[in-house]
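Quick notes on the structure that follows.
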Amino acid sequence: MNDPFAIEDDSRPSAPWLNGLNPEQQDAVTATEGPVLVLSGAGTGKTRVLTARLAEILNGGRVRPWQCLVVTFTNKAAREMKERVGRLVGPGAEGLWLGTFHSIGVRILRRHAEAVGLSSNFTILDADDQLRLLKQVMEAEHLDLKKTPPQGVMAQIQRWKDRGIAPDKPEVGGLDGKLYQAYQARLLALNACDFGDLLLHTLTLFLNDAALLEQYQEQFRYILVDEYQDTNVSQYLWLRLLAQKHRNLCCVGDDDQSIYSWRGAEVGNILRFEKDFPGARVIRLERNYRSTPHILACASHLIAHNAGRLGKTLRSGLPPAGTAEKVGVRGVWDGESEARAIVEEVEALQRAGEKLASVAILVRAGFQTREFEDRLISQGVPYRILGGPRFYERAEIRDAMAYFRLVVSPADGLAFERIVNLPKRGLGEAALATLNALAGRTGLPLFEAAKRLVTSDDLKPKPRAALAQFAADIDRWRATLDGMDHADLAATILDESGYIEMWKADKSPEAPGRVENLKELISALGDFESLPVFLEHVALVMDNDEKAEGDRLTVMTLHGAKGLEFDTVFLPGWEEGVFPHSRALSEDGGKGLEEERRLAYVGITRARKRARIFYAANRRIYNKWQDCLPSRFIAELPEAHIDHVSATGYAQPRWSAPRAVTWTAPAQPVAESDFRPGERVFHTKFGPGTVKAVEGDRLDIHFDHAGPKKVLASFVEKP
DNA sequence: ATCTTTCTAGTTTTT
DNA sequence: CTAGAAAGAT
């Protein structure tokens, strides 16, 4: 991202991190004192500014690295930042507090766990464990899990936690509130935290202990926050507390790229920054160094339809290039022809010498990847699909991890329950009920209770022997924790427990893959110093470093694409109901629609050179054919910057390089005015019918066999 | 205790 | 339609 228009600041020759920055960027880097909000549009060099700012602060020699706190949202962002800061500042960055909100939260919480009723070796539960725990709580309350779905209750609990509301607050009420309290009590009893707790507990800690808060406030003289538009209330409160003393808080974000409100993110945090931090400076980064002017114009025009923005206008910071293509908008017949058309274009790009790694297909929802995968396979185009179940979320990995967890911490009841009968040991409901009763009566962890239970005659001989064997195995493995190499131990556990054998014997098609994953898990373990260190890492960093090997096309969701960029981006499925998604449309007050529009904005701005939008006239959803209307977002694009070719033929195909692509209109182009109510027509899918009403290019047709439907005029022919 | 049938829901998912 | 979960059958 070199800026040809950058003004070199000669007065600071000793600040190489300012080299090549434009004036706004320099401003954002050097305004180190006081609250600063950096509104950073897509492709405006945000990460660079953040790193340079850090270099500015650290190299000024005013502070030690451990007095700086840098918070990111993803582990990936934290990793990248660490790397870049290391390169820019070198050993001067040693000791910096840099990490995700959650990892920083854990770090603080482990030091002061007792103050919130935990001990410092607490376990961190993932979504799966959380839900199982809540189910147990609800079953204990004799609730009908069908009438009150645990997922719904969990969502409410999560919402409270996201908003920084502890279970004892007055806002917490109703059945959900009661369950929240019970769930939280269970977590404490298990010495466990869920993700929300990592922030909520830290918040409680600070609020209950003014001296401790003061200590951290004093320590963090400079605070930097990335992706500020994605913070939830709890994170916001956390930041506000910590920044109160020195007020050197710099938040970087883009309200137009806030796409996680359904996960608790509050755009409001960014919108009200100036009110919360009086005297805050707001710096706008609007020079985009990524996309062509056509792409920028489309993105800006589209996002301008949202109300309640802070307002930014992206301008190109790139030297003008006369050859830029307009943003392509293509109407196709159905999902299959959409996949065919896109893959054809991909192949043409490939022939023209483009790298597949610089091309992406960005879909709204996961199910859309399927038709592309089919087509890419049949055409032999190398691809990777991102966003499936993540490595550490796979059942076999979680099972194996449960074994490790139980060996490391015998009190981990959730791990115990998960694997006690896996592989099958003949320990069913009856045996577990007996065990649970004992654990409940004595207050012992399940594993301890199991050891006691097998000394009695409360179980039948068979399950009793099985349970005794299981407990003995776990204890035996634990005994070797210190002496044995941890990767070897892990392999031994999976072998001797019969777990890996279970999958090897499994005849289902996915079983071999699971065995492979388990082997990968063992080898990944080698990179860590011990089993406990590995478990902590996995709990916080759920992703497995994607090895982006070979030249492959990427297929992923729009959400997954945030922060990435590609030369060419294909955006399929721009139809009402798909994108914007119907469920987002039914949300209150247009909020959902605006977020969908931001998602569209994110999608378009991923493209450097080429963006292609597709919409289909028909789509099969749950095996039912539905006719679709083009997304309203298409109408919101500026005509001068798009090149719209649809079956209606009202736009000229201006297919710029690569040339090899031919556009085939699925039906005979017919001018829309040609149809009159009462006229007989023929539709390739629905057969013959009679026009009932004409609405622009949409026709209400009563089909002889298929009944009444709304279809586009372009897909209808005169008989 | 485990296998089999029946039912239901079905966006996005940084930690 | 179809995957996953829960209830019923053996």
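Quick note on naming: the chains in the structure tokens go A, B, ... in the order shown, residues restart at 1 in each chain, and ligands are numbered from 1 in order of appearance.
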Would you list the contacts of A:Pro463 as a JSON list (two decimals) with N, CA and C atoms, in the first residue's frame, taking every protein, DNA or RNA residue within 7 Å and counting only C-alpha atoms (C1' of nucleotides), but skipping same-chain residues closer than 4 positions in sequence?
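What follows is the written file part-v3.json:
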```
[["chain", "number", "residue", "atom", "x", "y", "z"],
["A", 426, "GLY", "N", -20.47, -50.09, 28.01],
["A", 426, "GLY", "CA", -21.62, -50.66, 28.68],
["A", 426, "GLY", "C", -22.07, -49.84, 29.88],
["A", 427, "LEU", "N", -21.70, -48.56, 29.87],
["A", 427, "LEU", "CA", -22.13, -47.69, 30.96],
["A", 427, "LEU", "C", -23.25, -46.79, 30.44],
["A", 431, "ALA", "N", -26.37, -46.65, 34.95],
["A", 431, "ALA", "CA", -25.11, -46.55, 35.68],
["A", 431, "ALA", "C", -24.77, -45.09, 35.95],
["A", 459, "LEU", "N", -23.49, -50.94, 41.74],
["A", 459, "LEU", "CA", -23.60, -51.20, 40.31],
["A", 459, "LEU", "C", -23.57, -52.70, 40.06],
["A", 467, "LEU", "N", -16.30, -49.43, 34.78],
["A", 467, "LEU", "CA", -16.02, -48.13, 35.37],
["A", 467, "LEU", "C", -14.70, -48.16, 36.14]]
```
Item to complete: Select all residues from chain C having any atom no more than 10 Å from an atom of chain A (counting only C-alpha atoms (C1' of nucleotides), ignoring ligands), output as a list in words.
Response: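 Residues of chain C within 10 Å of chain A, counting only C-alpha atoms (C1' of nucleotides): DC1, DT2 and DA6 of chain C.
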Saved selection, atoms kept: all heavy atoms, as a short mmCIF file (atom, residue, chain, number, x, y, z; two decimals), in the first residue's frame:
```cif
data_model
loop_
_atom_site.label_atom_id
_atom_site.label_comp_id
_atom_site.auth_asym_id
_atom_site.auth_seq_id
_atom_site.Cartn_x
_atom_site.Cartn_y
_atom_site.Cartn_z
P DC C 1 -38.13 -35.05 -0.60
OP1 DC C 1 -38.89 -35.77 -1.60
OP2 DC C 1 -38.19 -35.42 0.81
"O5'" DC C 1 -36.61 -35.04 -1.05
"C5'" DC C 1 -36.00 -33.89 -1.65
"C4'" DC C 1 -34.73 -33.53 -0.93
"O4'" DC C 1 -34.99 -32.40 -0.06
"C3'" DC C 1 -34.15 -34.61 -0.02
"O3'" DC C 1 -32.72 -34.52 -0.03
"C2'" DC C 1 -34.71 -34.25 1.35
"C1'" DC C 1 -34.72 -32.73 1.28
N1 DC C 1 -35.79 -32.11 2.11
C2 DC C 1 -35.43 -31.23 3.14
O2 DC C 1 -34.23 -31.01 3.35
N3 DC C 1 -36.40 -30.66 3.89
C4 DC C 1 -37.69 -30.92 3.64
N4 DC C 1 -38.61 -30.32 4.39
C5 DC C 1 -38.08 -31.80 2.59
C6 DC C 1 -37.12 -32.37 1.86
P DT C 2 -31.73 -35.58 0.43
OP1 DT C 2 -31.16 -36.18 -0.77
OP2 DT C 2 -32.42 -36.43 1.43
"O5'" DT C 2 -30.54 -34.75 1.15
"C5'" DT C 2 -30.75 -33.53 1.85
"C4'" DT C 2 -30.36 -33.70 3.31
"O4'" DT C 2 -31.44 -33.19 4.13
"C3'" DT C 2 -30.15 -35.14 3.78
"O3'" DT C 2 -29.27 -35.12 4.89
"C2'" DT C 2 -31.52 -35.52 4.27
"C1'" DT C 2 -31.90 -34.22 4.96
N1 DT C 2 -33.32 -34.00 5.26
C2 DT C 2 -33.68 -32.95 6.09
O2 DT C 2 -32.86 -32.20 6.58
N3 DT C 2 -35.01 -32.83 6.32
C4 DT C 2 -36.03 -33.64 5.81
O4 DT C 2 -37.20 -33.43 6.09
C5 DT C 2 -35.59 -34.71 4.96
C7 DT C 2 -36.61 -35.64 4.35
C6 DT C 2 -34.28 -34.84 4.72
P DA C 6 -31.81 -33.90 22.03
OP1 DA C 6 -31.99 -32.60 22.70
OP2 DA C 6 -30.65 -34.75 22.37
"O5'" DA C 6 -33.14 -34.77 22.26
"C5'" DA C 6 -34.40 -34.20 21.88
"C4'" DA C 6 -35.40 -35.31 21.65
"O4'" DA C 6 -34.98 -36.11 20.52
"C3'" DA C 6 -35.56 -36.29 22.83
"O3'" DA C 6 -36.94 -36.44 23.12
"C2'" DA C 6 -34.94 -37.59 22.32
"C1'" DA C 6 -35.19 -37.48 20.82
N9 DA C 6 -34.27 -38.27 20.01
C8 DA C 6 -32.89 -38.27 20.08
N7 DA C 6 -32.32 -39.07 19.21
C5 DA C 6 -33.39 -39.64 18.52
C6 DA C 6 -33.45 -40.57 17.46
N6 DA C 6 -32.38 -41.12 16.91
N1 DA C 6 -34.68 -40.91 17.01
C2 DA C 6 -35.77 -40.36 17.58
N3 DA C 6 -35.82 -39.47 18.57
C4 DA C 6 -34.59 -39.15 19.00
#
```
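The part of chain A that reaches within 7 Å of chain B is made up of Phe73, Thr74, His102, Phe195, Ala365, Gly426, Gly428, Leu540 and His559 of chain A, counting only C-alpha atoms (C1' of nucleotides).
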Save the residues we just selected, all heavy atoms, as a CSV table (one decimal), in the first residue's frame?
```csv
chain,number,residue,atom,x,y,z
A,73,PHE,N,-9.8,-8.6,17.9
A,73,PHE,CA,-10.9,-9.6,18.1
A,73,PHE,C,-10.5,-11.0,17.8
A,73,PHE,O,-11.0,-11.9,18.5
A,73,PHE,CB,-12.0,-9.1,17.2
A,73,PHE,CG,-13.0,-8.4,17.9
A,73,PHE,CD1,-12.9,-7.0,18.1
A,73,PHE,CD2,-14.1,-9.0,18.5
A,73,PHE,CE1,-13.8,-6.3,18.9
A,73,PHE,CE2,-15.0,-8.3,19.2
A,73,PHE,CZ,-14.8,-7.0,19.4
A,74,THR,N,-9.7,-11.2,16.8
A,74,THR,CA,-9.4,-12.5,16.4
A,74,THR,C,-7.9,-12.9,16.8
A,74,THR,O,-7.1,-12.0,16.9
A,74,THR,CB,-9.5,-12.7,14.9
A,74,THR,OG1,-8.6,-11.9,14.3
A,74,THR,CG2,-10.9,-12.4,14.4
A,102,HIS,N,-10.5,-11.8,24.9
A,102,HIS,CA,-10.7,-12.9,25.8
A,102,HIS,C,-9.3,-13.4,26.4
A,102,HIS,O,-9.3,-13.8,27.5
A,102,HIS,CB,-11.4,-14.1,25.0
A,102,HIS,CG,-12.8,-13.7,24.7
A,102,HIS,ND1,-13.1,-13.0,23.5
A,102,HIS,CD2,-13.9,-13.9,25.3
A,102,HIS,CE1,-14.4,-12.8,23.5
A,102,HIS,NE2,-14.9,-13.3,24.6
A,195,PHE,N,-17.1,-18.3,27.6
A,195,PHE,CA,-16.3,-17.2,27.0
A,195,PHE,C,-16.8,-15.8,27.5
A,195,PHE,O,-16.0,-14.9,27.8
A,195,PHE,CB,-16.5,-17.2,25.4
A,195,PHE,CG,-15.5,-18.1,24.8
A,195,PHE,CD1,-15.8,-19.3,24.2
A,195,PHE,CD2,-14.2,-17.7,24.8
A,195,PHE,CE1,-14.9,-20.1,23.6
A,195,PHE,CE2,-13.2,-18.5,24.2
A,195,PHE,CZ,-13.6,-19.7,23.6
A,365,ALA,N,-24.6,-17.6,2.8
A,365,ALA,CA,-24.8,-18.6,3.8
A,365,ALA,C,-24.1,-19.9,3.3
A,365,ALA,O,-23.9,-20.1,2.2
A,365,ALA,CB,-26.3,-18.9,4.0
A,426,GLY,N,-20.5,-50.1,28.0
A,426,GLY,CA,-21.6,-50.7,28.7
A,426,GLY,C,-22.1,-49.8,29.9
A,426,GLY,O,-22.7,-50.3,30.8
A,428,GLY,N,-24.4,-47.2,30.7
A,428,GLY,CA,-25.6,-46.5,30.1
A,428,GLY,C,-26.2,-45.6,31.1
A,428,GLY,O,-25.6,-45.2,32.1
A,540,LEU,N,-8.8,-21.1,23.9
A,540,LEU,CA,-8.8,-19.8,23.5
A,540,LEU,C,-8.7,-19.6,22.0
A,540,LEU,O,-9.3,-18.7,21.4
A,540,LEU,CB,-7.7,-18.9,24.2
A,540,LEU,CG,-7.9,-18.7,25.6
A,540,LEU,CD1,-6.7,-18.0,26.2
A,540,LEU,CD2,-9.1,-17.8,25.8
A,559,HIS,N,-19.1,-13.2,5.9
A,559,HIS,CA,-18.6,-12.9,7.2
A,559,HIS,C,-17.1,-13.3,7.3
A,559,HIS,O,-16.3,-12.6,7.9
A,559,HIS,CB,-19.4,-13.7,8.2
A,559,HIS,CG,-20.7,-13.0,8.5
A,559,HIS,ND1,-21.9,-13.4,7.8
A,559,HIS,CD2,-21.1,-12.1,9.4
A,559,HIS,CE1,-22.9,-12.7,8.3
A,559,HIS,NE2,-22.4,-11.8,9.2
```
Practice prompt. Could you give me, as a ChimeraX atom specification, each residue of stretch 363-431 of chain A that DSSP assigns to helix (DSSP H, G or I) when run on this structure's backbone?
Written response: /A:366-379,391-393,395-408,413-419,429-431
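Here atom CA of A:Thr557 and atom CA of A:Gly387 stand 7.2 Å from one another.
Within the 12 Å cut-off around A:Gly174, using only C-alpha atoms (C1' of nucleotides) and omitting residues fewer than 6 positions from it on the same chain, the listed residues are Val153, Gln156, Ile157, Pro167, Tyr180 and Gln181 of chain A.
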Worksheet item: Using only C-alpha atoms (C1' of nucleotides), which residues sit within 12 Å of stretch 92-98 of chain A once same-chain residues fewer than 3 positions away are excluded, as a ChimeraX atom specification?
Response: /A:51,54-61,63-75,77-89,101-105,107-108,216,219-226
Worksheet item: In Å to one decimal, how far is atom CA of A:Val343 from atom CA of A:Glu371?
Response: 10.6 Å
Practice prompt. One decimal, Å: what's the distance from atom CA of A:Thr568 over to atom CA of A:Lys609, could you say?
Written response: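 We find that atom CA of A:Thr568 and atom CA of A:Lys609 lie 6.0 Å from each other.
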Surrounding residues of stretch 445-455 of chain A excluding itself and chain neighbours under 5 positions, 10 Å, only C-alpha atoms (C1' of nucleotides), as a compact mmCIF listing (two decimals) with all heavy atoms, in the first residue's frame:
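So around26.txt came out as:
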```txt
# COMPACT_ATOMS: atom_id res chain seq x y z
N ALA A 189 -19.23 -23.98 40.58
CA ALA A 189 -19.01 -25.26 41.26
C ALA A 189 -18.02 -26.12 40.49
O ALA A 189 -17.23 -26.86 41.06
CB ALA A 189 -20.34 -25.99 41.43
N LEU A 190 -18.06 -26.02 39.17
CA LEU A 190 -17.16 -26.81 38.33
C LEU A 190 -15.82 -26.11 38.12
O LEU A 190 -14.97 -26.60 37.39
CB LEU A 190 -17.81 -27.06 36.97
CG LEU A 190 -18.96 -28.06 36.92
CD1 LEU A 190 -19.72 -27.93 35.61
CD2 LEU A 190 -18.42 -29.48 37.08
N LEU A 406 -9.43 -34.77 31.19
CA LEU A 406 -9.70 -35.56 32.39
C LEU A 406 -8.40 -36.04 33.02
O LEU A 406 -8.28 -36.11 34.24
CB LEU A 406 -10.60 -36.74 32.03
CG LEU A 406 -11.19 -37.50 33.22
CD1 LEU A 406 -11.99 -36.56 34.12
CD2 LEU A 406 -12.09 -38.63 32.73
N SER A 409 -6.99 -32.67 34.55
CA SER A 409 -7.77 -32.23 35.72
C SER A 409 -8.92 -33.20 35.98
O SER A 409 -9.95 -33.12 35.32
CB SER A 409 -8.30 -30.80 35.53
OG SER A 409 -8.41 -30.48 34.18
N PRO A 410 -8.72 -34.09 36.96
CA PRO A 410 -9.70 -35.13 37.25
C PRO A 410 -11.06 -34.58 37.68
O PRO A 410 -12.05 -35.31 37.64
CB PRO A 410 -9.05 -35.94 38.38
CG PRO A 410 -7.89 -35.16 38.84
CD PRO A 410 -7.51 -34.22 37.77
N ALA A 411 -11.11 -33.31 38.07
CA ALA A 411 -12.38 -32.76 38.52
C ALA A 411 -13.25 -32.28 37.37
O ALA A 411 -14.36 -31.81 37.57
CB ALA A 411 -12.13 -31.61 39.49
N ASP A 412 -12.74 -32.38 36.14
CA ASP A 412 -13.49 -31.90 34.99
C ASP A 412 -14.66 -32.84 34.67
O ASP A 412 -14.54 -33.80 33.92
CB ASP A 412 -12.56 -31.78 33.78
CG ASP A 412 -13.18 -30.99 32.64
OD1 ASP A 412 -14.42 -31.04 32.51
OD2 ASP A 412 -12.45 -30.34 31.89
N GLY A 413 -15.80 -32.52 35.27
CA GLY A 413 -16.96 -33.39 35.15
C GLY A 413 -17.51 -33.48 33.75
O GLY A 413 -18.02 -34.52 33.32
N LEU A 414 -17.44 -32.38 33.00
CA LEU A 414 -18.00 -32.40 31.65
C LEU A 414 -17.18 -33.30 30.74
O LEU A 414 -17.71 -34.02 29.91
CB LEU A 414 -18.07 -30.98 31.10
CG LEU A 414 -19.15 -30.14 31.74
CD1 LEU A 414 -18.90 -28.66 31.51
CD2 LEU A 414 -20.53 -30.52 31.22
N ALA A 415 -15.86 -33.25 30.93
CA ALA A 415 -15.00 -34.13 30.15
C ALA A 415 -15.30 -35.58 30.51
O ALA A 415 -15.40 -36.45 29.64
CB ALA A 415 -13.53 -33.81 30.41
N PHE A 416 -15.46 -35.83 31.79
CA PHE A 416 -15.76 -37.18 32.26
C PHE A 416 -17.01 -37.72 31.59
O PHE A 416 -17.02 -38.81 31.02
CB PHE A 416 -15.95 -37.17 33.78
CG PHE A 416 -16.28 -38.52 34.36
CD1 PHE A 416 -15.28 -39.36 34.81
CD2 PHE A 416 -17.62 -38.94 34.46
CE1 PHE A 416 -15.60 -40.60 35.35
CE2 PHE A 416 -17.93 -40.17 34.98
CZ PHE A 416 -16.92 -41.01 35.42
N GLU A 417 -18.07 -36.94 31.63
CA GLU A 417 -19.33 -37.39 31.06
C GLU A 417 -19.23 -37.66 29.57
O GLU A 417 -19.86 -38.56 29.05
CB GLU A 417 -20.39 -36.31 31.26
CG GLU A 417 -21.01 -36.33 32.62
CD GLU A 417 -22.20 -35.41 32.65
OE1 GLU A 417 -22.03 -34.24 32.26
OE2 GLU A 417 -23.28 -35.85 33.06
N VAL A 420 -16.92 -41.12 29.25
CA VAL A 420 -16.98 -42.29 30.12
C VAL A 420 -17.53 -43.52 29.38
O VAL A 420 -17.11 -44.65 29.65
CB VAL A 420 -17.79 -41.98 31.40
CG1 VAL A 420 -19.24 -41.72 31.07
CG2 VAL A 420 -17.68 -43.12 32.40
N LEU A 432 -24.99 -44.24 34.96
CA LEU A 432 -24.64 -42.83 35.13
C LEU A 432 -25.55 -42.14 36.13
O LEU A 432 -25.10 -41.25 36.86
CB LEU A 432 -24.68 -42.11 33.78
CG LEU A 432 -23.52 -42.49 32.85
CD1 LEU A 432 -23.59 -41.71 31.55
CD2 LEU A 432 -22.18 -42.24 33.53
N THR A 434 -26.86 -43.53 38.78
CA THR A 434 -26.34 -43.93 40.09
C THR A 434 -25.12 -43.08 40.46
O THR A 434 -25.01 -42.57 41.58
CB THR A 434 -25.91 -45.41 40.06
OG1 THR A 434 -26.91 -46.17 39.39
CG2 THR A 434 -25.70 -45.94 41.47
N LEU A 435 -24.26 -42.93 39.48
CA LEU A 435 -23.04 -42.17 39.71
C LEU A 435 -23.34 -40.70 40.02
O LEU A 435 -22.79 -40.12 40.96
CB LEU A 435 -22.14 -42.26 38.47
CG LEU A 435 -20.83 -41.50 38.51
CD1 LEU A 435 -19.99 -41.94 39.69
CD2 LEU A 435 -20.06 -41.70 37.22
N ASN A 436 -24.24 -40.13 39.23
CA ASN A 436 -24.60 -38.74 39.44
C ASN A 436 -25.22 -38.52 40.81
O ASN A 436 -24.97 -37.51 41.46
CB ASN A 436 -25.58 -38.27 38.36
CG ASN A 436 -24.85 -37.63 37.21
OD1 ASN A 436 -23.97 -36.79 37.42
ND2 ASN A 436 -25.17 -38.02 35.99
N ALA A 437 -26.03 -39.49 41.23
CA ALA A 437 -26.68 -39.38 42.53
C ALA A 437 -25.61 -39.34 43.63
O ALA A 437 -25.67 -38.50 44.53
CB ALA A 437 -27.62 -40.56 42.74
N LEU A 438 -24.63 -40.22 43.50
CA LEU A 438 -23.56 -40.26 44.50
C LEU A 438 -22.78 -38.95 44.51
O LEU A 438 -22.50 -38.38 45.58
CB LEU A 438 -22.62 -41.43 44.20
CG LEU A 438 -21.44 -41.57 45.16
CD1 LEU A 438 -21.93 -41.93 46.57
CD2 LEU A 438 -20.45 -42.61 44.66
N ALA A 439 -22.46 -38.47 43.32
CA ALA A 439 -21.70 -37.23 43.22
C ALA A 439 -22.49 -36.08 43.83
O ALA A 439 -21.94 -35.23 44.54
CB ALA A 439 -21.36 -36.94 41.76
N GLY A 440 -23.79 -36.07 43.56
CA GLY A 440 -24.64 -35.01 44.08
C GLY A 440 -24.70 -35.06 45.61
O GLY A 440 -24.62 -34.03 46.27
N LYS A 460 -24.15 -53.08 38.95
CA LYS A 460 -24.08 -54.49 38.56
C LYS A 460 -22.62 -54.80 38.19
O LYS A 460 -21.86 -53.89 37.82
CB LYS A 460 -25.00 -54.74 37.38
CG LYS A 460 -26.47 -54.69 37.78
CD LYS A 460 -27.37 -54.96 36.60
CE LYS A 460 -28.82 -54.77 37.00
NZ LYS A 460 -29.66 -54.43 35.85
N PRO A 461 -22.22 -56.06 38.29
CA PRO A 461 -20.81 -56.42 38.10
C PRO A 461 -20.21 -55.89 36.81
O PRO A 461 -19.09 -55.37 36.80
CB PRO A 461 -20.85 -57.95 38.10
CG PRO A 461 -22.08 -58.31 38.83
CD PRO A 461 -23.07 -57.20 38.63
N PRO A 463 -21.03 -53.22 34.56
CA PRO A 463 -20.68 -51.79 34.53
C PRO A 463 -19.66 -51.43 35.60
O PRO A 463 -18.82 -50.55 35.38
CB PRO A 463 -22.01 -51.09 34.77
CG PRO A 463 -23.01 -52.12 35.06
CD PRO A 463 -22.47 -53.45 34.70
N ARG A 464 -19.74 -52.12 36.73
CA ARG A 464 -18.81 -51.82 37.82
C ARG A 464 -17.37 -52.08 37.38
O ARG A 464 -16.48 -51.25 37.58
CB ARG A 464 -19.17 -52.71 39.03
CG ARG A 464 -18.29 -52.46 40.21
CD ARG A 464 -18.72 -53.30 41.37
NE ARG A 464 -17.62 -53.49 42.30
CZ ARG A 464 -17.72 -54.20 43.42
NH1 ARG A 464 -18.86 -54.80 43.71
NH2 ARG A 464 -16.68 -54.32 44.21
N ALA A 465 -17.15 -53.20 36.75
CA ALA A 465 -15.82 -53.53 36.26
C ALA A 465 -15.36 -52.54 35.20
O ALA A 465 -14.22 -52.08 35.18
CB ALA A 465 -15.80 -54.95 35.71
N ALA A 466 -16.30 -52.18 34.31
CA ALA A 466 -15.96 -51.25 33.23
C ALA A 466 -15.55 -49.90 33.80
O ALA A 466 -14.56 -49.30 33.37
CB ALA A 466 -17.15 -51.10 32.29
N LEU A 467 -16.30 -49.43 34.78
CA LEU A 467 -16.02 -48.13 35.37
C LEU A 467 -14.70 -48.16 36.14
O LEU A 467 -13.90 -47.22 36.06
CB LEU A 467 -17.17 -47.72 36.31
CG LEU A 467 -17.18 -46.28 36.80
CD1 LEU A 467 -17.24 -45.31 35.63
CD2 LEU A 467 -18.35 -46.03 37.74
N ALA A 468 -14.46 -49.26 36.83
CA ALA A 468 -13.21 -49.41 37.57
C ALA A 468 -12.02 -49.37 36.60
O ALA A 468 -11.01 -48.70 36.86
CB ALA A 468 -13.22 -50.72 38.35
N GLN A 469 -12.18 -50.05 35.49
CA GLN A 469 -11.12 -50.08 34.48
C GLN A 469 -10.86 -48.69 33.94
O GLN A 469 -9.72 -48.25 33.81
CB GLN A 469 -11.54 -51.03 33.34
CG GLN A 469 -10.51 -51.16 32.23
CD GLN A 469 -9.22 -51.78 32.75
OE1 GLN A 469 -9.24 -52.85 33.38
NE2 GLN A 469 -8.10 -51.12 32.51
N PHE A 470 -11.96 -47.99 33.64
CA PHE A 470 -11.85 -46.64 33.09
C PHE A 470 -11.10 -45.72 34.06
O PHE A 470 -10.16 -45.03 33.68
CB PHE A 470 -13.26 -46.09 32.81
CG PHE A 470 -13.28 -44.67 32.31
CD1 PHE A 470 -12.84 -44.37 31.04
CD2 PHE A 470 -13.75 -43.64 33.12
CE1 PHE A 470 -12.87 -43.06 30.57
CE2 PHE A 470 -13.78 -42.34 32.67
CZ PHE A 470 -13.33 -42.05 31.40
N ALA A 471 -11.50 -45.77 35.33
CA ALA A 471 -10.87 -44.91 36.33
C ALA A 471 -9.39 -45.27 36.50
O ALA A 471 -8.53 -44.38 36.60
CB ALA A 471 -11.60 -45.04 37.66
N ALA A 472 -9.12 -46.55 36.49
CA ALA A 472 -7.73 -46.99 36.65
C ALA A 472 -6.88 -46.51 35.47
O ALA A 472 -5.74 -46.06 35.65
CB ALA A 472 -7.67 -48.51 36.76
N ILE A 474 -7.37 -43.84 33.56
CA ILE A 474 -7.14 -42.39 33.67
C ILE A 474 -6.03 -42.12 34.69
O ILE A 474 -5.10 -41.34 34.43
CB ILE A 474 -8.44 -41.66 34.09
CG1 ILE A 474 -9.54 -41.86 33.04
CG2 ILE A 474 -8.19 -40.18 34.35
CD1 ILE A 474 -9.38 -41.09 31.76
```
Practice prompt. Could you find all residues in stretch 325-515 of chain A that DSSP calls strand (DSSP E or B) from the backbone, and write them as a PyMOL selection string?
Written response: chain A and resi 327-332+359-363+383-385
Write a file of the just-selected residues containing C-alpha atoms, as a PDB file, in the first residue's frame.
```pdb
ATOM      1  CA  VAL A 327     -18.664  -4.065 -11.584  1.00  0.00           C
ATOM      2  CA  GLY A 328     -20.423  -6.884 -13.420  1.00  0.00           C
ATOM      3  CA  VAL A 329     -24.014  -7.700 -12.554  1.00  0.00           C
ATOM      4  CA  ARG A 330     -25.335 -10.893 -14.099  1.00  0.00           C
ATOM      5  CA  GLY A 331     -28.777 -12.403 -14.109  1.00  0.00           C
ATOM      6  CA  VAL A 332     -28.914 -16.157 -14.504  1.00  0.00           C
ATOM      7  CA  VAL A 359      -9.986 -15.199  -6.717  1.00  0.00           C
ATOM      8  CA  ALA A 360     -12.802 -15.722  -4.222  1.00  0.00           C
ATOM      9  CA  ILE A 361     -16.450 -16.685  -4.300  1.00  0.00           C
ATOM     10  CA  LEU A 362     -18.190 -15.058  -1.344  1.00  0.00           C
ATOM     11  CA  VAL A 363     -21.574 -16.451  -0.352  1.00  0.00           C
ATOM     12  CA  TYR A 383     -10.416 -24.797  -4.470  1.00  0.00           C
ATOM     13  CA  ARG A 384     -10.694 -24.587  -0.724  1.00  0.00           C
ATOM     14  CA  ILE A 385     -13.853 -24.062   1.211  1.00  0.00           C
TER      15      ILE A 385
END
```
